[in-house]
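**Q** You'll find final.cif just under this line, and it carries mmCIF, C-alpha atoms.
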```cif
data_start
#
loop_
_atom_site.label_atom_id
_atom_site.label_comp_id
_atom_site.auth_asym_id
_atom_site.auth_seq_id
_atom_site.Cartn_x
_atom_site.Cartn_y
_atom_site.Cartn_z
CA MET A 1 -34.23 47.35 -62.43
CA LYS A 2 -35.41 45.27 -59.45
CA ASN A 3 -33.41 42.43 -57.91
CA MET A 4 -34.52 38.82 -58.43
CA ASN A 5 -35.74 38.50 -54.82
CA GLU A 6 -38.08 41.48 -55.23
CA TYR A 7 -40.17 39.75 -57.90
CA LYS A 8 -43.23 37.73 -56.91
CA TYR A 9 -42.88 34.71 -59.23
CA HIS A 10 -39.80 32.72 -60.24
CA CYS A 11 -39.21 30.14 -62.93
CA ALA A 12 -36.30 28.17 -64.46
CA LEU A 13 -35.80 27.28 -68.12
CA LYS A 14 -33.32 24.66 -69.34
CA ILE A 15 -32.37 24.65 -73.02
CA ARG A 16 -29.76 22.78 -75.02
CA ILE A 17 -27.07 24.90 -76.66
CA TYR A 18 -24.73 24.11 -79.56
CA PRO A 19 -21.44 26.02 -79.08
CA SER A 20 -18.64 26.19 -81.64
CA SER A 21 -15.14 24.82 -80.96
CA LEU A 22 -13.94 28.25 -79.74
CA GLN A 23 -16.98 28.62 -77.50
CA LYS A 24 -16.34 25.15 -76.04
CA LEU A 25 -12.80 26.27 -75.15
CA ILE A 26 -14.16 29.43 -73.46
CA ILE A 27 -16.67 27.33 -71.46
CA LYS A 28 -13.83 25.09 -70.27
CA LYS A 29 -11.72 28.08 -69.21
CA CYS A 30 -14.63 29.70 -67.33
CA SER A 31 -15.50 26.39 -65.64
CA ASP A 32 -11.90 25.80 -64.52
CA THR A 33 -11.62 29.38 -63.22
CA SER A 34 -14.91 29.09 -61.33
CA ARG A 35 -13.79 25.84 -59.70
CA PHE A 36 -10.38 27.35 -58.85
CA VAL A 37 -11.94 30.39 -57.12
CA TYR A 38 -14.39 28.23 -55.13
CA ASN A 39 -11.64 25.83 -54.02
CA LYS A 40 -9.38 28.77 -53.09
CA MET A 41 -12.14 30.16 -50.85
CA VAL A 42 -12.48 26.75 -49.17
CA ALA A 43 -8.71 26.52 -48.67
CA ILE A 44 -8.55 30.03 -47.16
CA SER A 45 -11.40 29.24 -44.76
CA ASN A 46 -9.74 25.97 -43.68
CA GLU A 47 -6.42 27.74 -43.06
CA LEU A 48 -8.12 30.54 -41.10
CA TYR A 49 -9.95 27.98 -38.97
CA ASN A 50 -6.75 26.09 -38.18
CA LEU A 51 -4.68 29.26 -37.48
CA LYS A 52 -7.30 30.68 -35.11
CA LYS A 53 -6.94 27.56 -32.98
CA ILE A 54 -3.35 28.56 -32.19
CA LYS A 55 -3.25 30.75 -29.09
CA LEU A 56 -0.04 32.60 -30.02
CA PHE A 57 -0.17 36.25 -31.07
CA ASP A 58 3.23 36.77 -32.69
CA ASN A 59 3.63 39.12 -35.65
CA PRO A 60 3.94 36.53 -38.47
CA LEU A 61 0.71 34.80 -37.38
CA VAL A 62 -1.24 38.07 -37.07
CA ASP A 63 0.03 39.21 -40.49
CA ARG A 64 -0.97 35.91 -42.05
CA LEU A 65 -4.47 36.15 -40.56
CA LYS A 66 -4.90 39.70 -41.89
CA TYR A 67 -3.64 38.69 -45.32
CA LEU A 68 -6.04 35.71 -45.54
CA ALA A 69 -8.96 37.86 -44.36
CA GLU A 70 -8.25 40.44 -47.12
CA LEU A 71 -7.83 37.68 -49.70
CA LYS A 72 -11.21 36.21 -48.74
CA LYS A 73 -13.04 39.57 -48.98
CA SER A 74 -12.46 40.26 -52.68
CA THR A 75 -11.33 38.35 -55.75
CA THR A 76 -9.24 41.25 -57.13
CA LEU A 77 -6.25 40.32 -54.95
CA LEU A 78 -6.68 36.71 -56.04
CA GLY A 79 -6.58 37.87 -59.67
CA THR A 80 -3.34 39.81 -59.17
CA MET A 81 -1.72 36.74 -57.60
CA ASN A 82 -2.77 34.58 -60.58
CA PRO A 83 -2.09 36.50 -63.86
CA TRP A 84 -3.72 33.78 -65.97
CA MET A 85 -7.10 34.93 -64.60
CA ALA A 86 -6.71 38.13 -66.69
CA ASP A 87 -7.38 36.11 -69.87
CA LYS A 88 -9.85 37.97 -72.12
CA HIS A 89 -11.95 34.80 -72.55
CA ILE A 90 -12.62 34.38 -68.81
CA ASP A 91 -15.99 35.78 -67.72
CA SER A 92 -15.79 38.09 -64.67
CA TYR A 93 -19.35 37.07 -63.69
CA ALA A 94 -18.14 33.45 -63.37
CA VAL A 95 -15.52 34.53 -60.80
CA ALA A 96 -18.01 36.68 -58.85
CA ASN A 97 -20.67 33.94 -58.85
CA ALA A 98 -18.17 31.32 -57.66
CA LYS A 99 -17.48 33.42 -54.56
CA GLN A 100 -21.20 34.12 -54.10
CA ASN A 101 -22.03 30.41 -54.31
CA TYR A 102 -19.41 29.72 -51.64
CA MET A 103 -21.07 32.28 -49.33
CA LYS A 104 -24.50 30.77 -50.08
CA ALA A 105 -23.18 27.32 -49.13
CA TRP A 106 -22.16 28.69 -45.72
CA SER A 107 -25.53 30.40 -45.22
CA LEU A 108 -27.32 27.11 -46.04
CA PHE A 109 -25.09 25.34 -43.54
CA ARG A 110 -26.10 27.82 -40.84
CA LYS A 111 -29.82 27.75 -41.69
CA ILE A 112 -30.49 24.11 -42.60
CA GLY A 113 -27.40 22.35 -41.26
CA SER A 114 -26.28 21.07 -44.67
CA GLY A 115 -22.67 20.05 -45.23
CA VAL A 116 -19.74 22.42 -44.83
CA PRO A 117 -18.41 23.69 -48.21
CA THR A 118 -15.78 21.28 -49.53
CA PHE A 119 -13.44 21.21 -52.53
CA HIS A 120 -14.98 20.73 -55.98
CA LYS A 121 -13.24 17.87 -57.76
CA LYS A 122 -12.20 18.04 -61.38
CA SER A 123 -14.44 15.83 -63.51
CA TYR A 124 -15.66 15.42 -67.08
CA GLU A 125 -18.57 17.71 -66.26
CA GLU A 126 -18.03 21.46 -66.69
CA LYS A 127 -20.18 24.17 -65.12
CA TYR A 128 -20.14 27.89 -64.40
CA GLN A 129 -22.61 30.72 -63.74
CA THR A 130 -22.90 34.04 -65.53
CA ASN A 131 -25.38 36.94 -65.43
CA LEU A 132 -27.68 38.66 -67.90
CA LYS A 133 -29.39 41.90 -66.87
CA CYS A 134 -31.87 42.24 -69.70
CA LEU A 135 -35.44 41.34 -70.71
CA PHE A 136 -36.75 39.03 -73.42
CA THR A 137 -37.24 41.10 -76.55
CA LYS A 138 -38.07 38.53 -79.24
CA VAL A 139 -37.92 34.77 -79.67
CA THR A 140 -35.07 33.72 -81.95
CA ASN A 141 -32.90 30.64 -82.30
CA MET A 142 -29.84 32.46 -80.92
CA LEU A 143 -28.89 33.06 -77.30
CA ALA A 144 -26.39 35.82 -76.42
CA LEU A 145 -24.09 35.17 -73.42
CA PRO A 146 -21.12 37.18 -72.05
CA LYS A 147 -17.77 36.23 -73.65
CA LEU A 148 -19.45 33.43 -75.65
CA GLY A 149 -21.48 35.69 -77.92
CA LYS A 150 -24.39 34.24 -79.90
CA ILE A 151 -25.08 30.52 -79.51
CA LYS A 152 -27.62 28.35 -81.28
CA PHE A 153 -30.06 26.58 -78.98
CA SER A 154 -33.03 24.24 -79.10
CA GLY A 155 -35.79 24.23 -76.55
CA SER A 156 -39.50 24.46 -76.04
CA LYS A 157 -40.67 27.23 -78.35
CA LYS A 158 -44.03 27.06 -76.57
CA ILE A 159 -42.41 28.13 -73.29
CA LEU A 160 -40.38 30.84 -75.01
CA THR A 161 -43.44 32.33 -76.70
CA LYS A 162 -45.23 32.32 -73.35
CA LEU A 163 -42.27 34.16 -71.80
CA HIS A 164 -42.24 36.57 -74.72
CA ALA A 165 -45.93 37.35 -74.15
CA ASN A 166 -45.09 38.21 -70.53
CA GLU A 167 -43.84 41.81 -70.74
CA GLU A 168 -41.58 42.12 -67.70
CA VAL A 169 -39.43 39.01 -67.39
CA ARG A 170 -36.13 39.45 -65.56
CA ILE A 171 -33.23 37.12 -66.37
CA GLY A 172 -31.05 36.26 -63.38
CA THR A 173 -28.17 33.80 -63.43
CA VAL A 174 -27.48 31.58 -66.43
CA THR A 175 -25.73 28.29 -65.64
CA VAL A 176 -23.78 26.85 -68.58
CA THR A 177 -23.18 23.10 -68.20
CA LYS A 178 -21.34 20.44 -70.15
CA THR A 179 -22.50 16.93 -69.24
CA THR A 180 -20.29 13.84 -69.08
CA GLU A 181 -21.47 12.78 -72.56
CA ASP A 182 -20.31 16.14 -74.01
CA LYS A 183 -23.73 17.81 -74.37
CA TYR A 184 -24.12 21.48 -73.51
CA TYR A 185 -27.07 23.09 -71.69
CA ALA A 186 -27.99 26.54 -70.37
CA SER A 187 -30.25 26.85 -67.31
CA ILE A 188 -31.82 30.31 -67.08
CA ALA A 189 -33.35 31.69 -63.87
CA LEU A 190 -36.34 33.94 -64.60
CA ALA A 191 -38.48 36.23 -62.44
CA SER A 192 -41.62 38.28 -63.00
CA ASP A 193 -44.46 40.01 -61.15
CA SER A 194 -47.07 38.09 -63.19
CA THR A 195 -47.53 34.31 -63.22
CA PHE A 196 -45.65 32.14 -65.70
CA TRP A 197 -48.33 29.41 -65.63
CA GLU A 198 -52.11 29.75 -65.51
CA HIS A 199 -54.04 27.91 -62.78
CA LEU A 200 -55.78 24.72 -63.89
CA PRO A 201 -59.61 24.55 -63.67
CA LYS A 202 -61.17 23.12 -60.48
CA THR A 203 -62.36 19.49 -60.55
CA TYR A 204 -63.71 19.26 -56.95
CA LYS A 205 -62.04 15.87 -56.52
CA ASP A 206 -59.48 14.59 -54.01
CA ILE A 207 -57.33 11.47 -54.10
CA GLY A 208 -55.06 9.44 -51.81
CA ILE A 209 -52.04 7.64 -53.28
CA ASP A 210 -49.95 4.78 -51.91
CA LEU A 211 -46.43 4.35 -53.28
CA ASN A 212 -44.88 0.89 -53.44
CA VAL A 213 -42.19 -1.07 -55.26
CA LYS A 214 -44.30 -3.74 -56.95
CA ASN A 215 -46.76 -1.26 -58.47
CA PHE A 216 -45.41 2.27 -58.51
CA LEU A 217 -48.69 3.83 -57.38
CA THR A 218 -52.15 2.72 -56.23
CA ASP A 219 -54.81 5.39 -55.68
CA SER A 220 -57.90 5.45 -53.47
CA TYR A 221 -60.15 4.73 -56.49
CA GLY A 222 -58.37 1.40 -57.08
CA ASN A 223 -56.36 2.50 -60.14
CA VAL A 224 -52.88 0.98 -60.38
CA VAL A 225 -49.86 2.51 -62.15
CA ASP A 226 -47.23 -0.09 -63.01
CA ASN A 227 -43.61 0.44 -62.03
CA PRO A 228 -41.61 0.91 -65.28
CA LYS A 229 -38.29 -0.22 -63.66
CA TYR A 230 -36.11 1.58 -66.18
CA TYR A 231 -32.83 0.85 -64.38
CA LYS A 232 -33.60 -2.86 -64.03
CA LYS A 233 -34.42 -3.12 -67.76
CA SER A 234 -31.15 -1.47 -68.82
CA GLN A 235 -28.98 -3.09 -66.10
CA LYS A 236 -27.50 -5.80 -68.37
CA LYS A 237 -26.72 -3.30 -71.14
CA LEU A 238 -25.14 -0.93 -68.61
CA ALA A 239 -23.06 -3.70 -67.00
CA LYS A 240 -21.76 -4.79 -70.43
CA ALA A 241 -20.74 -1.21 -71.27
CA GLN A 242 -19.06 -0.80 -67.86
CA ARG A 243 -17.04 -4.00 -68.35
CA ALA A 244 -15.87 -2.75 -71.76
CA MET A 245 -14.87 0.58 -70.18
CA ALA A 246 -12.93 -1.22 -67.43
CA ARG A 247 -11.03 -3.33 -70.01
CA LYS A 248 -10.04 -0.26 -72.00
CA MET A 249 -8.95 1.50 -68.82
CA ARG A 250 -6.67 -1.44 -67.91
CA ARG A 251 -5.15 -1.46 -71.42
CA ALA A 252 -4.50 2.29 -71.28
CA LYS A 253 -2.79 1.96 -67.89
CA LYS A 254 -0.69 -0.97 -69.13
CA LYS A 255 0.46 1.13 -72.12
CA LYS A 256 0.96 4.12 -69.75
CA VAL A 257 -1.42 6.32 -71.73
CA SER A 258 -3.38 9.09 -70.00
CA LEU A 259 -7.08 8.26 -69.79
CA ARG A 260 -8.04 11.73 -71.03
CA ASN A 261 -5.95 11.16 -74.18
CA CYS A 262 -7.13 7.57 -74.75
CA LYS A 263 -9.88 7.72 -77.40
CA ASN A 264 -11.05 4.13 -76.85
CA TYR A 265 -11.56 4.74 -73.14
CA GLN A 266 -13.32 8.08 -73.75
CA ASN A 267 -15.72 6.49 -76.25
CA ALA A 268 -16.53 3.70 -73.77
CA ARG A 269 -17.00 6.23 -70.96
CA LYS A 270 -19.41 8.29 -73.07
CA LYS A 271 -21.39 5.16 -73.89
CA VAL A 272 -21.79 4.31 -70.18
CA SER A 273 -22.73 7.90 -69.44
CA SER A 274 -25.31 8.00 -72.25
CA ILE A 275 -27.01 4.81 -70.97
CA SER A 276 -27.18 6.23 -67.43
CA ARG A 277 -28.50 9.55 -68.77
CA LYS A 278 -31.16 7.76 -70.81
CA VAL A 279 -32.40 5.91 -67.70
CA MET A 280 -32.53 9.20 -65.80
CA ASN A 281 -34.43 10.95 -68.62
CA GLN A 282 -36.92 8.08 -68.94
CA ARG A 283 -37.62 8.13 -65.20
CA SER A 284 -37.91 11.93 -65.16
CA ASP A 285 -40.35 11.92 -68.10
CA PHE A 286 -42.51 9.23 -66.46
CA LEU A 287 -42.63 11.10 -63.13
CA HIS A 288 -43.39 14.46 -64.80
CA ASN A 289 -46.31 13.04 -66.81
CA LEU A 290 -47.76 11.14 -63.85
CA SER A 291 -47.49 14.06 -61.41
CA TYR A 292 -49.06 16.48 -63.92
CA THR A 293 -51.95 14.07 -64.56
CA LEU A 294 -52.68 13.76 -60.82
CA ILE A 295 -52.55 17.53 -60.27
CA LYS A 296 -54.65 18.25 -63.37
CA ASN A 297 -57.46 15.80 -62.51
CA HIS A 298 -57.69 16.49 -58.75
CA ASP A 299 -57.89 19.57 -56.53
CA MET A 300 -56.34 17.83 -53.49
CA VAL A 301 -53.70 15.09 -53.57
CA TYR A 302 -52.64 13.24 -50.41
CA ALA A 303 -49.55 11.03 -50.28
CA GLU A 304 -47.63 9.21 -47.57
CA ASP A 305 -44.54 10.89 -46.14
CA LEU A 306 -41.91 8.22 -46.87
CA LYS A 307 -38.47 8.18 -45.18
CA THR A 308 -36.56 6.81 -48.16
CA LYS A 309 -33.11 7.38 -46.62
CA LYS A 310 -33.86 4.86 -43.87
CA MET A 311 -35.47 2.47 -46.37
CA LEU A 312 -32.33 2.49 -48.54
CA TYR A 313 -30.38 0.81 -45.73
CA ASP A 314 -32.27 -2.41 -46.54
CA ASN A 315 -29.94 -4.18 -49.00
CA ASP A 316 -32.72 -6.39 -50.43
CA TYR A 317 -34.87 -3.49 -51.68
CA ALA A 318 -32.38 -0.58 -51.92
CA SER A 319 -31.91 -0.84 -55.70
CA SER A 320 -35.65 -1.12 -56.39
CA ILE A 321 -36.48 1.82 -54.09
CA ALA A 322 -33.80 4.02 -55.69
CA ASP A 323 -35.11 3.10 -59.16
CA CYS A 324 -38.62 4.36 -58.24
CA GLY A 325 -37.57 7.94 -57.46
CA TRP A 326 -40.23 8.54 -54.79
CA ASN A 327 -38.63 11.70 -53.37
CA ILE A 328 -38.39 13.27 -56.84
CA PHE A 329 -42.04 12.39 -57.50
CA LEU A 330 -43.27 13.90 -54.22
CA GLY A 331 -41.19 17.03 -54.90
CA MET A 332 -42.82 17.36 -58.35
CA LEU A 333 -46.30 17.05 -56.82
CA GLU A 334 -45.45 19.74 -54.28
CA TYR A 335 -44.21 22.40 -56.68
CA LYS A 336 -46.76 21.64 -59.41
CA SER A 337 -49.62 21.97 -56.92
CA LYS A 338 -48.37 25.48 -56.10
CA ILE A 339 -47.93 26.74 -59.65
CA TYR A 340 -51.24 25.26 -60.87
CA GLY A 341 -53.32 26.38 -57.86
CA LYS A 342 -53.98 22.94 -56.32
CA ILE A 343 -53.31 21.44 -52.85
CA PHE A 344 -50.81 18.69 -52.00
CA GLN A 345 -50.53 17.26 -48.48
CA LEU A 346 -48.11 14.68 -47.03
CA VAL A 347 -49.64 12.21 -44.54
CA ASP A 348 -47.99 10.19 -41.76
CA PRO A 349 -48.04 6.55 -43.03
CA PHE A 350 -48.35 5.10 -39.48
CA ARG A 351 -50.79 2.11 -39.56
CA THR A 352 -52.14 3.01 -43.01
CA THR A 353 -51.32 -0.54 -44.19
CA GLN A 354 -52.42 -2.44 -41.06
CA LYS A 355 -55.73 -0.58 -40.56
CA CYS A 356 -59.03 -1.61 -42.16
CA SER A 357 -60.42 1.31 -44.16
CA THR A 358 -64.02 0.14 -43.57
CA CYS A 359 -64.29 -0.55 -39.82
CA GLY A 360 -60.99 0.85 -38.49
CA HIS A 361 -59.71 -2.47 -37.07
CA VAL A 362 -55.89 -2.50 -36.70
CA MET A 363 -54.02 -5.72 -37.42
CA SER A 364 -51.57 -6.36 -34.58
CA GLY A 365 -49.67 -9.21 -32.99
CA GLU A 366 -50.00 -12.45 -34.93
CA GLN A 367 -52.51 -10.79 -37.29
CA LYS A 368 -49.96 -8.17 -38.40
CA LEU A 369 -49.42 -8.18 -42.16
CA LYS A 370 -46.05 -9.06 -43.68
CA LEU A 371 -44.54 -7.64 -46.88
CA THR A 372 -45.56 -10.79 -48.76
CA ASP A 373 -49.26 -10.36 -47.83
CA ARG A 374 -50.69 -8.48 -50.83
CA SER A 375 -54.35 -9.08 -49.91
CA TRP A 376 -56.10 -9.89 -46.64
CA ASP A 377 -59.46 -10.30 -44.88
CA CYS A 378 -60.39 -8.07 -41.95
CA HIS A 379 -60.90 -10.12 -38.76
CA SER A 380 -63.58 -7.70 -37.56
CA CYS A 381 -65.85 -6.94 -40.56
CA LYS A 382 -64.66 -9.90 -42.76
CA ILE A 383 -64.20 -7.62 -45.82
CA HIS A 384 -61.51 -8.61 -48.34
CA HIS A 385 -58.89 -5.87 -48.97
CA ASP A 386 -56.14 -5.30 -51.49
CA ARG A 387 -53.14 -4.15 -49.45
CA ASP A 388 -52.22 -1.06 -51.50
CA HIS A 389 -55.80 0.02 -52.27
CA ASN A 390 -56.68 -0.17 -48.57
CA ALA A 391 -53.60 1.93 -47.67
CA ALA A 392 -54.55 4.57 -50.26
CA LYS A 393 -58.07 4.78 -48.79
CA ASN A 394 -56.61 5.30 -45.29
CA ILE A 395 -54.27 8.01 -46.62
CA LEU A 396 -57.25 9.79 -48.22
CA ALA A 397 -59.23 9.63 -44.92
CA ILE A 398 -56.29 11.06 -42.90
CA GLY A 399 -55.70 13.76 -45.51
CA ARG A 400 -59.33 14.84 -45.39
CA LYS A 401 -59.16 15.11 -41.59
CA ILE A 402 -55.98 17.23 -41.79
CA PHE A 403 -57.50 19.46 -44.48
CA ARG A 404 -60.72 20.02 -42.50
CA LEU A 405 -58.77 20.71 -39.30
CA ARG A 406 -56.52 23.19 -41.12
CA TRP A 407 -59.46 25.12 -42.54
CA HIS A 408 -61.25 25.00 -39.17
CA LEU A 409 -58.17 26.47 -37.46
CA ARG A 410 -57.93 29.14 -40.17
CA SER A 411 -61.55 30.16 -39.60
CA ILE A 412 -60.97 30.32 -35.82
CA MET A 413 -57.88 32.50 -36.33
CA ALA A 414 -59.78 34.77 -38.75
CA ASN A 415 -62.63 35.23 -36.25
CA LEU A 416 -60.11 35.93 -33.47
CA ILE A 417 -58.31 38.56 -35.56
CA ASP A 418 -61.65 40.21 -36.45
CA SER A 419 -62.67 40.36 -32.78
CA LEU A 420 -59.28 41.85 -31.84
CA HIS A 421 -59.72 44.51 -34.53
CA CYS A 422 -63.17 45.37 -33.13
CA LEU A 423 -61.75 45.61 -29.60
CA GLY A 424 -58.95 47.81 -30.89
CA LYS A 425 -61.44 50.19 -32.50
CA GLN A 426 -63.48 50.38 -29.28
CA PHE A 427 -60.38 51.13 -27.22
CA ALA A 428 -59.31 53.77 -29.73
CA VAL A 429 -62.73 55.48 -29.44
CA SER A 430 -62.65 55.40 -25.63
CA PHE A 431 -59.10 56.79 -25.51
CA GLY A 432 -60.14 59.55 -27.93
CA LYS A 433 -63.00 60.59 -25.64
CA LEU A 434 -60.63 60.70 -22.65
CA GLY A 435 -58.28 62.94 -24.64
CA GLU A 436 -61.13 65.34 -25.46
CA LEU A 437 -62.07 65.55 -21.77
CA SER A 438 -58.47 66.28 -20.75
CA THR A 439 -58.08 69.06 -23.33
CA SER A 440 -61.44 70.67 -22.33
CA ARG A 441 -60.30 70.80 -18.69
#
```
Have the structure of the file written as structure tokens, please.

**A**
Amino acid sequence: MKNMNEYKYHCALKIRIYPSSLQKLIIKKCSDTSRFVYNKMVAISNELYNLKKIKLFDNPLVDRLKYLAELKKSTTLLGTMNPWMADKHIDSYAVANAKQNYMKAWSLFRKIGSGVPTFHKKSYEEKYQTNLKCLFTKVTNMLALPKLGKIKFSGSKKILTKLHANEEVRIGTVTVTKTTEDKYYASIALASDSTFWEHLPKTYKDIGIDLNVKNFLTDSYGNVVDNPKYYKKSQKKLAKAQRAMARKMRRAKKKKVSLRNCKNYQNARKKVSSISRKVMNQRSDFLHNLSYTLIKNHDMVYAEDLKTKKMLYDNDYASSIADCGWNIFLGMLEYKSKIYGKIFQLVDPFRTTQKCSTCGHVMSGEQKLKLTDRSWDCHSCKIHHDRDHNAAKNILAIGRKIFRLRWHLRSIMANLIDSLHCLGKQFAVSFGKLGELSTSR
């Protein structure tokens, strides 16, 4: 059987599972063991880093370095040191994947420059990874996992039937997760040599979109999508639930009761978590539907490349910007354009707001538009513009230029490669004739 990396197409499937009380206990044990192994690897690396700074080569230090290096190589020595890891309910794949994830974190740090692996804190969320080396045989309402056995699940039967129709589907890692509101999910990584999703039909249309806080999206055709503001709508309800949770936490501490054993506090915590999760699900559903509609109805989508991290430093608009989820939306457009055979291009937003889309006049100096100016008249051609609609038109114009330039460069490169191939054939013929002359002599 091939490895996951050797397959051409990859897909992920998230389904909700309903484990029994024994299976919940096994998930907790596997999650704790996975976190323990990961944190042990981090601790070993930190100790090795600090010991290598010492420029003394006495026997105890050298022995300690060798011992830590051996301990880091394999988890078998770690298992012998901790006999509780030999529990029959603990999944060996969870231990192996915890170490593998630690190594992947270091490789990402070296490639991208992401953060150094740090300790995983204990929380109400539980998570671990296991493996399944098998193919989909038939669609049932039971999922079989190592150590857990058969578990009932609910998910999109449409997706499962589509996967069942695909003959060679390889299952990679399966991530079992318990959320803070005590709901269980299984995320399955899938791979295949044939596509999971069919390409959408061509529409021969392109569109430019401008993202903003007041209206979530304005396109180059003048259509406006209102900002749903899910967090703002549920802010009062969330604040009330958080105050109730804080009161119950103070009472539990006054009575010297552990928060994990205090039922009143746990019920209040789950209520806060469920409200936050509902806001997240509402936003995710809105962004998924909107991104799919844009990709379905257009062959090329152009959007501004927003630097939201810098924008979040502004205290006046930070909450509203975070509630929009622009980065998530742009990420959805990017991956959906790939799987459905469309094109998505990010555009530099420089002067897209201040430039007239009709005559190209740029508002500068005293004429420069402020955030409160939602509509304006061009000082050159005297045409009245809506701020967001004008910006979307400019984004579409820049995107078209980039697209044409990209295809022009591709055609130049293709012609250059063809000419090089022709030259190579000519040289090969001439060298062959020289070889015949040398052999005849």

**Q** One decimal, Å: what's the distance from atom CA of A:Trp84 over to atom CA of A:Phe36, could you say?

**A**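 One can read the atom CA of A:Trp84 to atom CA of A:Phe36 distance as 11.7 Å.
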
**Q** Select, counting only C-alpha atoms, all protein, DNA and RNA residues no farther than 12 Å from (-28.5, -2.1, -68.4) in file coordinates, and express the selection as a PyMOL selection string.

**A** chain A and resi 229-243+271-279

**Q** Kindly extract all protein, DNA and RNA residues lying within 12 Å of the coordinates (-19.9, 37.9, -75.5) given in the file, considering all atoms listed in the file, and supply them as a list in words.

**A**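 Every polymer residue passing the test: Gln23, Ile26, Ile27, Lys88, His89, Ile90, Asp91, Ser92, Tyr93, Thr130, Asn131, Leu132, Leu143, Ala144, Leu145, Pro146, Lys147, Leu148, Gly149, Lys150 and Ile151 of chain A.
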
**Q** State, in Å with one decimal place, the distance from atom CA of A:Ser21 to atom CA of A:Asp182.

**A** 12.3 Å

**Q** Take atom CA of A:His120 and atom CA of A:Arg35 and report the distance between them in Å, one decimal.

**A**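 These two atoms are separated by 6.4 Å.
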
**Q** Which residues, written as a PyMOL selection string, have at least one atom at most 10 Å from A:Ser320, with all atoms listed in the file counted and residues fewer than 5 positions away on the same chain left out?

**A** chain A and resi 212-214+227+229+231-232+312+315+325

**Q** I'd like the residues picked by the PyMOL selection byres ((chain A and resi 78) around 12) written out as a ChimeraX atom specification, using the chain letters and numbers from the file.

**A** /A:33,36-38,40-41,44,67-77,79-86,95-96,99

**Q** Hey, can you spit out that residue selection with C-alpha atoms as a compact mmCIF listing (two decimals), keeping the file's coordinate frame?

**A**
```txt
# COMPACT_ATOMS: atom_id res chain seq x y z
CA THR A 33 -11.62 29.38 -63.22
CA PHE A 36 -10.38 27.35 -58.85
CA VAL A 37 -11.94 30.39 -57.12
CA TYR A 38 -14.39 28.23 -55.13
CA LYS A 40 -9.38 28.77 -53.09
CA MET A 41 -12.14 30.16 -50.85
CA ILE A 44 -8.55 30.03 -47.16
CA TYR A 67 -3.64 38.69 -45.32
CA LEU A 68 -6.04 35.71 -45.54
CA ALA A 69 -8.96 37.86 -44.36
CA GLU A 70 -8.25 40.44 -47.12
CA LEU A 71 -7.83 37.68 -49.70
CA LYS A 72 -11.21 36.21 -48.74
CA LYS A 73 -13.04 39.57 -48.98
CA SER A 74 -12.46 40.26 -52.68
CA THR A 75 -11.33 38.35 -55.75
CA THR A 76 -9.24 41.25 -57.13
CA LEU A 77 -6.25 40.32 -54.95
CA GLY A 79 -6.58 37.87 -59.67
CA THR A 80 -3.34 39.81 -59.17
CA MET A 81 -1.72 36.74 -57.60
CA ASN A 82 -2.77 34.58 -60.58
CA PRO A 83 -2.09 36.50 -63.86
CA TRP A 84 -3.72 33.78 -65.97
CA MET A 85 -7.10 34.93 -64.60
CA ALA A 86 -6.71 38.13 -66.69
CA VAL A 95 -15.52 34.53 -60.80
CA ALA A 96 -18.01 36.68 -58.85
CA LYS A 99 -17.48 33.42 -54.56
```

**Q** Taking the file above as input, evaluate the PyMOL selection byres ((chain A and resi 262) around 12) and report the hits as a ChimeraX atom specification.

**A** /A:245,248-253,255-261,263-269

**Q** Give the answer as one residue: which of A:Leu13, A:Ala105, A:Met332, A:Val225 has the shortest atom-to-atom distance to A:Asp388, using all atoms listed in the file?

**A** A:Val225
